[in-house]
>>> print(open('my_file-v2.tsv').read())   # TSV, C-alpha atoms
chain	number	residue	atom	x	y	z
A	1	MET	CA	118.20	102.85	103.02
A	2	GLY	CA	119.95	103.22	106.35
A	3	SER	CA	120.34	100.79	109.22
A	4	ASP	CA	117.15	102.05	110.84
A	5	GLY	CA	114.96	100.99	107.94
A	6	PHE	CA	112.97	102.65	105.20
A	7	ALA	CA	110.59	105.29	106.54
A	8	THR	CA	107.94	105.27	103.80
A	9	PRO	CA	105.07	102.82	104.53
A	10	VAL	CA	104.61	99.93	102.10
A	11	LEU	CA	101.43	98.02	101.27
A	12	MET	CA	101.71	94.52	99.76
A	13	VAL	CA	98.54	93.00	98.31
A	14	VAL	CA	98.66	89.21	97.99
A	15	PHE	CA	96.36	86.40	96.92
A	16	ASN	CA	97.21	82.85	95.83
A	17	ARG	CA	100.64	83.06	94.18
A	18	PRO	CA	103.31	82.30	96.78
A	19	ASP	CA	106.08	82.06	94.17
A	20	THR	CA	105.67	85.62	92.87
A	21	THR	CA	104.87	86.90	96.36
A	22	LYS	CA	108.25	85.62	97.57
A	23	GLN	CA	110.07	87.55	94.85
A	24	VAL	CA	108.27	90.81	95.57
A	25	PHE	CA	108.72	90.40	99.31
A	26	GLU	CA	112.48	89.85	98.98
A	27	ARG	CA	112.77	93.34	97.46
A	28	VAL	CA	110.66	94.81	100.25
A	29	ARG	CA	112.70	92.90	102.81
A	30	ALA	CA	115.92	94.36	101.38
A	31	VAL	CA	114.85	97.92	102.27
A	32	ARG	CA	113.36	97.00	105.68
A	33	PRO	CA	110.35	99.37	105.81
A	34	LYS	CA	109.45	100.55	109.27
A	35	ALA	CA	105.75	100.05	108.48
A	36	LEU	CA	104.56	97.13	106.36
A	37	PHE	CA	100.90	96.50	105.57
A	38	VAL	CA	99.79	93.20	104.04
A	39	ALA	CA	96.31	92.68	102.60
A	40	ALA	CA	95.33	89.17	101.56
A	41	ASP	CA	92.19	88.25	99.60
A	42	GLY	CA	90.44	85.03	100.61
A	43	PRO	CA	90.20	81.79	98.63
A	44	ARG	CA	87.62	81.28	95.90
A	45	PRO	CA	85.08	78.69	97.06
A	46	SER	CA	85.04	77.05	93.63
A	47	VAL	CA	88.82	76.47	93.55
A	48	SER	CA	89.89	73.76	96.00
A	49	ARG	CA	93.59	74.57	95.93
A	50	ASP	CA	93.09	78.25	96.79
A	51	GLN	CA	92.87	77.75	100.55
A	52	ALA	CA	96.38	76.33	100.83
A	53	LEU	CA	97.87	78.72	98.27
A	54	CYS	CA	96.35	81.78	99.94
A	55	GLU	CA	97.70	80.70	103.34
A	56	GLU	CA	101.14	80.06	101.87
A	57	ALA	CA	101.25	83.38	100.03
A	58	LEU	CA	100.41	85.32	103.19
A	59	SER	CA	102.94	83.31	105.23
A	60	CYS	CA	105.65	84.16	102.70
A	61	VAL	CA	105.43	87.68	104.07
A	62	THR	CA	104.31	87.45	107.68
A	63	ASP	CA	106.66	84.61	108.66
A	64	ASN	CA	109.72	86.34	107.24
A	65	VAL	CA	109.63	89.84	108.66
A	66	ASP	CA	112.95	89.64	110.49
A	67	TRP	CA	113.55	93.31	111.19
A	68	ALA	CA	112.00	95.89	113.53
A	69	CYS	CA	108.75	96.64	111.77
A	70	ASP	CA	105.21	97.75	112.49
A	71	LEU	CA	103.42	94.90	110.68
A	72	LYS	CA	99.68	95.16	110.03
A	73	VAL	CA	97.69	92.39	108.33
A	74	LEU	CA	94.27	92.47	106.68
A	75	LYS	CA	93.24	88.88	106.02
A	76	ARG	CA	89.97	88.14	104.26
A	77	SER	CA	88.26	84.83	105.01
A	78	GLN	CA	86.19	85.04	101.82
A	79	ASN	CA	87.15	85.97	98.29
A	80	LEU	CA	86.25	89.54	97.39
A	81	GLY	CA	87.65	89.59	93.87
A	82	CYS	CA	90.07	92.03	92.27
A	83	LYS	CA	87.89	95.14	92.35
A	84	ILE	CA	86.81	95.09	95.99
A	85	ALA	CA	89.84	93.34	97.50
A	86	MET	CA	92.32	95.75	95.96
A	87	SER	CA	90.41	99.00	96.37
A	88	SER	CA	89.42	98.28	99.97
A	89	ALA	CA	93.02	97.29	100.81
A	90	ILE	CA	94.27	100.66	99.56
A	91	SER	CA	91.55	102.47	101.51
A	92	TRP	CA	92.56	100.54	104.64
A	93	PHE	CA	96.18	101.53	104.01
A	94	PHE	CA	95.32	105.22	103.78
A	95	ASP	CA	93.13	105.01	106.86
A	96	ASN	CA	96.44	104.46	108.66
A	97	VAL	CA	99.08	106.45	106.76
A	98	PRO	CA	99.29	109.83	104.95
A	99	SER	CA	101.26	108.45	101.99
A	100	GLY	CA	102.90	105.25	100.85
A	101	ILE	CA	103.89	102.65	98.28
A	102	ILE	CA	101.56	99.99	96.82
A	103	LEU	CA	102.86	96.70	95.41
A	104	GLU	CA	100.80	93.79	94.13
A	105	ASP	CA	102.12	90.25	94.39
A	106	ASP	CA	103.39	90.16	90.80
A	107	CYS	CA	105.10	93.56	90.63
A	108	THR	CA	108.80	93.17	91.38
A	109	PRO	CA	110.54	96.51	91.98
A	110	SER	CA	114.19	97.43	91.58
A	111	LEU	CA	115.78	98.62	94.81
A	112	SER	CA	115.91	102.20	93.56
A	113	PHE	CA	112.12	102.17	93.16
A	114	PHE	CA	111.83	102.78	96.90
A	115	PRO	CA	113.94	105.97	97.15
A	116	PHE	CA	112.32	107.21	93.93
A	117	CYS	CA	108.88	106.96	95.53
A	118	ARG	CA	110.12	108.41	98.81
A	119	GLU	CA	111.61	111.48	97.12
A	120	MET	CA	108.60	112.10	94.87
A	121	LEU	CA	106.17	111.68	97.77
A	122	ALA	CA	108.09	114.29	99.74
A	123	LYS	CA	108.59	116.72	96.86
A	124	TYR	CA	104.98	116.77	95.67
A	125	GLN	CA	103.14	116.03	98.92
A	126	ASP	CA	101.30	119.37	98.90
A	127	ASP	CA	100.99	119.75	95.14
A	128	GLU	CA	97.41	118.96	94.17
A	129	ARG	CA	98.38	118.83	90.50
A	130	VAL	CA	100.02	115.44	91.09
A	131	GLY	CA	98.01	112.37	92.08
A	132	HIS	CA	100.19	109.39	91.27
A	133	ILE	CA	103.82	108.21	91.18
A	134	GLY	CA	104.50	105.30	88.83
A	135	GLY	CA	107.54	103.04	88.75
A	136	PHE	CA	106.62	101.09	85.61
A	137	ASN	CA	107.83	102.54	82.32
A	138	CYS	CA	106.83	101.10	78.92
A	139	GLN	CA	108.87	103.49	76.76
A	140	LEU	CA	111.45	100.76	75.94
A	141	GLY	CA	114.49	102.84	76.79
A	142	ARG	CA	113.29	106.14	75.32
A	143	LYS	CA	113.98	109.01	77.69
A	144	ARG	CA	111.19	111.58	77.85
A	145	GLY	CA	111.93	115.19	78.70
A	146	SER	CA	115.09	116.50	80.31
A	147	GLY	CA	114.73	114.97	83.77
A	148	SER	CA	114.82	111.56	85.42
A	149	TYR	CA	111.03	111.45	85.33
A	150	TYR	CA	108.23	112.99	83.29
A	151	PHE	CA	104.56	113.86	83.71
A	152	SER	CA	101.71	111.98	82.09
A	153	ARG	CA	97.95	111.52	82.00
A	154	TYR	CA	98.47	107.75	81.88
A	155	PHE	CA	98.53	106.15	85.33
A	156	HIS	CA	100.52	102.91	85.44
A	157	VAL	CA	99.66	100.85	88.54
A	158	TRP	CA	102.38	98.19	88.44
A	159	GLY	CA	104.28	99.49	91.44
A	160	TRP	CA	103.20	102.97	92.46
A	161	ALA	CA	102.76	105.43	95.29
A	162	THR	CA	100.38	108.17	96.26
A	163	TRP	CA	98.99	110.22	99.12
A	164	LYS	CA	95.89	109.94	101.26
A	165	ARG	CA	94.92	113.39	99.95
A	166	ALA	CA	94.76	111.98	96.40
A	167	TRP	CA	93.00	108.71	97.31
A	168	ASN	CA	90.33	110.43	99.43
A	169	GLY	CA	87.02	110.31	97.58
A	170	TYR	CA	87.95	107.30	95.47
A	171	ASP	CA	84.67	105.78	94.30
A	172	VAL	CA	84.85	102.19	93.07
A	173	LYS	CA	81.35	102.61	91.56
A	174	MET	CA	82.21	105.76	89.58
A	175	SER	CA	78.86	107.19	90.66
A	176	ASP	CA	79.20	110.50	88.79
A	177	TYR	CA	80.25	108.87	85.52
A	178	PRO	CA	76.86	109.41	83.77
A	179	GLU	CA	77.15	113.15	84.43
A	180	PHE	CA	80.76	113.08	83.21
A	181	LEU	CA	79.58	111.52	79.92
A	182	LYS	CA	76.63	113.90	79.61
A	183	MET	CA	79.05	116.84	79.75
A	184	ASN	CA	81.26	115.29	77.02
A	185	LEU	CA	84.34	115.73	79.19
A	186	LEU	CA	86.32	113.03	77.40
A	187	ASN	CA	86.35	115.39	74.41
A	188	ASP	CA	88.03	118.01	76.59
A	189	LEU	CA	90.60	115.55	77.91
A	190	PHE	CA	91.66	113.84	74.67
A	191	GLU	CA	91.87	115.25	71.15
A	192	THR	CA	91.91	111.95	69.28
A	193	GLU	CA	88.74	109.93	68.79
A	194	VAL	CA	90.39	106.53	69.09
A	195	VAL	CA	91.89	107.48	72.47
A	196	ARG	CA	88.53	108.75	73.68
A	197	ARG	CA	86.96	105.46	72.56
A	198	PHE	CA	89.61	103.50	74.43
A	199	TRP	CA	88.83	105.24	77.71
A	200	LYS	CA	85.07	105.22	77.21
A	201	LYS	CA	85.06	101.50	76.46
A	202	ASN	CA	86.96	100.71	79.64
A	203	PHE	CA	85.12	103.18	81.83
A	204	ASP	CA	81.80	101.83	80.52
A	205	SER	CA	82.87	98.25	81.30
A	206	VAL	CA	83.75	99.17	84.87
A	207	PHE	CA	80.65	101.29	85.48
A	208	GLU	CA	78.35	98.59	84.08
A	209	GLY	CA	79.99	95.86	86.16
A	210	ARG	CA	81.40	93.91	83.21
A	211	LEU	CA	85.03	94.35	84.27
A	212	ASP	CA	86.23	93.27	87.73
A	213	THR	CA	88.96	95.78	88.38
A	214	TRP	CA	89.76	98.82	90.50
A	215	ASP	CA	92.40	100.72	88.50
A	216	TYR	CA	90.29	102.36	85.79
A	217	GLN	CA	88.34	103.99	88.62
A	218	TRP	CA	91.63	105.40	89.93
A	219	VAL	CA	92.54	106.71	86.46
A	220	TYR	CA	89.05	108.22	86.14
A	221	LYS	CA	89.39	109.99	89.50
A	222	ASN	CA	92.72	111.54	88.54
A	223	LEU	CA	91.57	112.57	85.07
A	224	LYS	CA	88.36	114.25	86.24
A	225	GLU	CA	90.29	116.11	88.95
A	226	GLY	CA	92.92	117.30	86.49
A	227	ARG	CA	95.82	115.50	88.13
A	228	LEU	CA	99.00	114.17	86.55
A	229	ALA	CA	101.15	111.11	87.12
A	230	ILE	CA	104.89	111.13	87.65
A	231	ILE	CA	106.59	108.39	85.63
A	232	SER	CA	110.21	107.38	86.14
A	233	ASN	CA	112.36	107.53	83.01
A	234	ALA	CA	113.89	104.21	84.07
A	235	ASN	CA	111.69	101.13	84.35
A	236	LEU	CA	111.65	100.38	88.07
A	237	VAL	CA	109.01	97.62	88.16
A	238	GLN	CA	108.72	94.34	86.28
A	239	ASN	CA	105.45	92.45	86.13
A	240	ILE	CA	106.31	88.79	86.68
A	241	GLY	CA	102.69	87.63	86.65
A	242	PHE	CA	102.12	87.04	82.93
A	243	ARG	CA	100.76	83.51	82.99
A	244	SER	CA	97.53	81.51	82.79
A	245	ASP	CA	96.56	81.88	86.47
A	246	ALA	CA	96.66	85.69	86.33
A	247	THR	CA	93.48	87.75	86.50
A	248	HIS	CA	94.29	90.06	83.60
A	249	THR	CA	97.87	89.42	82.37
A	250	LYS	CA	97.51	85.94	80.90
A	251	ASP	CA	99.68	86.28	77.77
A	252	SER	CA	103.12	84.99	78.78
A	253	SER	CA	104.51	85.90	75.33
A	254	SER	CA	103.62	89.58	75.76
A	255	GLU	CA	106.40	92.03	74.95
A	256	VAL	CA	105.50	93.93	78.12
A	257	SER	CA	106.38	90.91	80.25
A	258	ARG	CA	109.96	91.13	78.96
A	259	ILE	CA	110.59	94.75	79.95
A	260	GLY	CA	113.50	94.40	82.38
A	261	LEU	CA	114.37	96.29	85.52
A	262	GLU	CA	116.52	99.40	85.54
A	263	GLU	CA	117.80	101.63	88.31
A	264	TRP	CA	116.79	105.20	88.98
A	265	GLU	CA	119.78	107.50	89.42
A	266	ASP	CA	118.73	110.92	90.69
A	267	ALA	CA	115.90	113.38	91.20
A	268	ASP	CA	116.74	115.68	88.29
A	269	SER	CA	113.38	117.03	87.19
A	270	SER	CA	111.96	119.06	84.34
A	271	PRO	CA	110.95	122.61	85.29
A	272	PHE	CA	107.71	122.21	83.31
A	273	MET	CA	104.76	120.27	84.69
A	274	ILE	CA	103.22	119.41	81.33
A	275	PRO	CA	102.17	115.91	80.15
A	276	ASN	CA	104.80	114.48	77.81
A	277	LYS	CA	103.02	114.10	74.47
A	278	GLU	CA	105.62	111.78	72.92
A	279	ALA	CA	105.39	109.38	75.86
A	280	GLU	CA	101.61	109.31	75.75
A	281	ILE	CA	101.52	108.69	71.98
A	282	PHE	CA	104.03	105.85	72.37
A	283	THR	CA	102.00	104.35	75.23
A	284	TYR	CA	98.79	104.36	73.22
A	285	ARG	CA	100.38	103.35	69.91
A	286	ASP	CA	103.03	100.80	70.89
A	287	HIS	CA	101.94	99.59	74.33
A	288	LEU	CA	98.15	99.58	73.85
A	289	ARG	CA	98.19	99.10	70.05
A	290	LEU	CA	95.76	101.90	69.22
A	291	PRO	CA	95.74	102.97	65.54
A	292	LEU	CA	97.79	106.14	65.84
A	293	SER	CA	100.63	107.54	63.75
A	294	GLU	CA	103.98	108.43	65.31
A	295	THR	CA	102.77	112.01	65.62
A	296	GLY	CA	99.58	110.97	67.40
A	297	GLU	CA	97.15	111.34	64.51
A	298	GLN	CA	94.47	108.71	64.12
A	299	VAL	CA	95.03	106.38	61.18
A	300	LEU	CA	92.31	104.43	59.41
A	301	PRO	CA	91.33	101.61	61.74
A	302	GLU	CA	91.17	97.98	60.74
A	303	ALA	CA	87.69	96.71	59.93
A	304	THR	CA	87.80	94.53	63.03
A	305	ALA	CA	88.15	97.55	65.29
A	306	PHE	CA	85.06	99.39	64.03
A	307	SER	CA	81.77	98.50	62.38
A	308	SER	CA	81.57	98.74	58.58
A	309	LYS	CA	79.42	101.86	58.90
A	310	GLU	CA	82.00	103.51	61.15
A	311	LEU	CA	84.81	102.50	58.81
A	312	MET	CA	83.08	104.01	55.78
A	313	SER	CA	82.41	107.17	57.75
A	314	ALA	CA	86.10	107.40	58.67
A	315	ILE	CA	87.12	106.95	55.02
A	316	ALA	CA	84.64	109.59	53.87
A	317	LYS	CA	85.91	112.01	56.50
A	318	LYS	CA	89.48	111.41	55.35
A	319	LEU	CA	88.54	112.06	51.69
A	320	ARG	CA	86.68	115.27	52.56
A	321	SER	CA	89.74	116.46	54.45
A	322	ARG	CA	91.94	115.89	51.41
A	323	LEU	CA	89.50	117.62	49.02
A	324	ARG	CA	89.56	120.75	51.16
A	325	ARG	CA	93.33	121.13	50.73
>>> encode(input="my_file-v2.tsv", output="structure tokens")
Amino acid sequence: MGSDGFATPVLMVVFNRPDTTKQVFERVRAVRPKALFVAADGPRPSVSRDQALCEEALSCVTDNVDWACDLKVLKRSQNLGCKIAMSSAISWFFDNVPSGIILEDDCTPSLSFFPFCREMLAKYQDDERVGHIGGFNCQLGRKRGSGSYYFSRYFHVWGWATWKRAWNGYDVKMSDYPEFLKMNLLNDLFETEVVRRFWKKNFDSVFEGRLDTWDYQWVYKNLKEGRLAIISNANLVQNIGFRSDATHTKDSSSEVSRIGLEEWEDADSSPFMIPNKEAEIFTYRDHLRLPLSETGEQVLPEATAFSSKELMSAIAKKLRSRLRR
């Protein structure tokens, strides 16, 4: 990265896991960013051990910055929760920088993740077609396209980067979502019903306040603005937070938790800025377990996934399709 340090600003978001925070910070420390932002959510009042753990997690970073660095800290005295703590931390970050890297306290990057983000941020800084740069790759070794990265309409947030221009206008409340639904825009975005249902279910949960998260709002913003994500063809980020004290990733036996780190080699890119269909089908089918065939066609869902009425309707539709042949 050079003796003078890594020029791209980095935001670390921490909470109450000093052990994972240490591991992520050691990777950040190795590249010595010139500007490091740390946002720490406050302890939950109902959890007595949080106070000490939150203090320790923050200290893991602030007490160990041993290089020339512009260090900025946003420390919350009260717990804001995942949705508000994370989204407001990113907004604070982009109040201060034009572009940068975002790492949560359980997302351990490979060292080449940093130059990958730096190069993509520079290359696409003025290209409004791109909104997101993702280091996590769930393709299990399958290379997509002809370059070292591909384009997608799926926005992985385990280690990523973006620009202030893309984050501007982020709305944690998804205020225009009712109008979006009224215009049936999910039908324009996704051909397959089961994929549309996946996104509608999650968007509904966020909009109605049943899901305490910030990332579906970010996906929604990029989708409605017609933006794409850049995804590295090598997996550059490993989520080490699959355990019982996690907010969302509680299943320690998950296959995703075992996806290891790889190194990014070069900036060889595809000349075509088109979402990679094979990668998206694999993500939905093998990573998210949606009932899709290898070619992306919807297969008959299990009875547990749909009501009996919906299942019978799907069967009838399938039979009518065959009779027409």
>>> closest_residue(input="my_file-v2.tsv", among="A:Phe15, A:Trp160, A:Phe282, A:Trp67", to="Ala52 of chain A", atoms="all atoms listed in the file")
A:Phe15
>>> closest_residue(input="my_file-v2.tsv", among="A:Gln217, A:Trp199, A:Asp188, A:Leu140", to="Asp286 of chain A", atoms="only C-alpha atoms")
A:Leu140
>>> residues_around(input="my_file-v2.tsv", residues="Glu191 of chain A", least_positions_apart="2", cutoff="12 Å", atoms="all atoms listed in the file", output="VMD selection string")
chain A and resid 185 to 189 193 to 197 277 281 296 to 298
>>> atom_distance(input="my_file-v2.tsv", atom1="atom CA of Cys69 of chain A", atom2="atom CA of Val97 of chain A")
14.7 Å
>>> closest_residue(input="my_file-v2.tsv", among="A:Val237, A:Ile133, A:Val13, A:Leu288", to="Arg258 of chain A", atoms="only C-alpha atoms")
A:Val237
>>> atom_distance(input="my_file-v2.tsv", atom1="atom CA of Tyr170 of chain A", atom2="atom CA of Asn239 of chain A")
24.8 Å
>>> residues_near_point(input="my_file-v2.tsv", point="(99.8, 113.6, 84.8)", cutoff="9 Å", atoms="all atoms listed in the file", output="list of chain:residue names")
A:Arg129, A:Val130, A:Gly131, A:His132, A:Tyr150, A:Phe151, A:Ser152, A:Arg153, A:Tyr154, A:Phe155, A:Asn222, A:Leu223, A:Gly226, A:Arg227, A:Leu228, A:Ala229, A:Ile230, A:Ile231, A:Met273, A:Ile274, A:Pro275, A:Asn276
>>> residues_around(input="my_file-v2.tsv", residues="Ser59 of chain A", least_positions_apart="3", cutoff="12 Å", atoms="only C-alpha atoms", output="PyMOL selection string")
chain A and resi 14-19+21-22+25+38-40+52-56+62-65+73+75
>>> closest_residue(input="my_file-v2.tsv", among="A:Ser112, A:Thr162, A:Asn235, A:Thr295", to="Lys143 of chain A", atoms="all atoms listed in the file")
A:Asn235
>>> residues_near_point(input="my_file-v2.tsv", point="(117.4, 98.1, 105.8)", cutoff="10 Å", atoms="all atoms listed in the file", output="PyMOL selection string")
chain A and resi 1-7+28-34+67-68
>>> closest_residue(input="my_file-v2.tsv", among="A:Ala85, A:Val24, A:Asp70, A:Val157", to="Pro43 of chain A", atoms="only C-alpha atoms")
A:Ala85
>>> atom_distance(input="my_file-v2.tsv", atom1="atom CA of Leu290 of chain A", atom2="atom CA of Arg144 of chain A")
20.2 Å
>>> closest_residue(input="my_file-v2.tsv", among="A:Arg44, A:Lys123, A:Arg27, A:Lys224", to="Trp163 of chain A", atoms="only C-alpha atoms")
A:Lys123
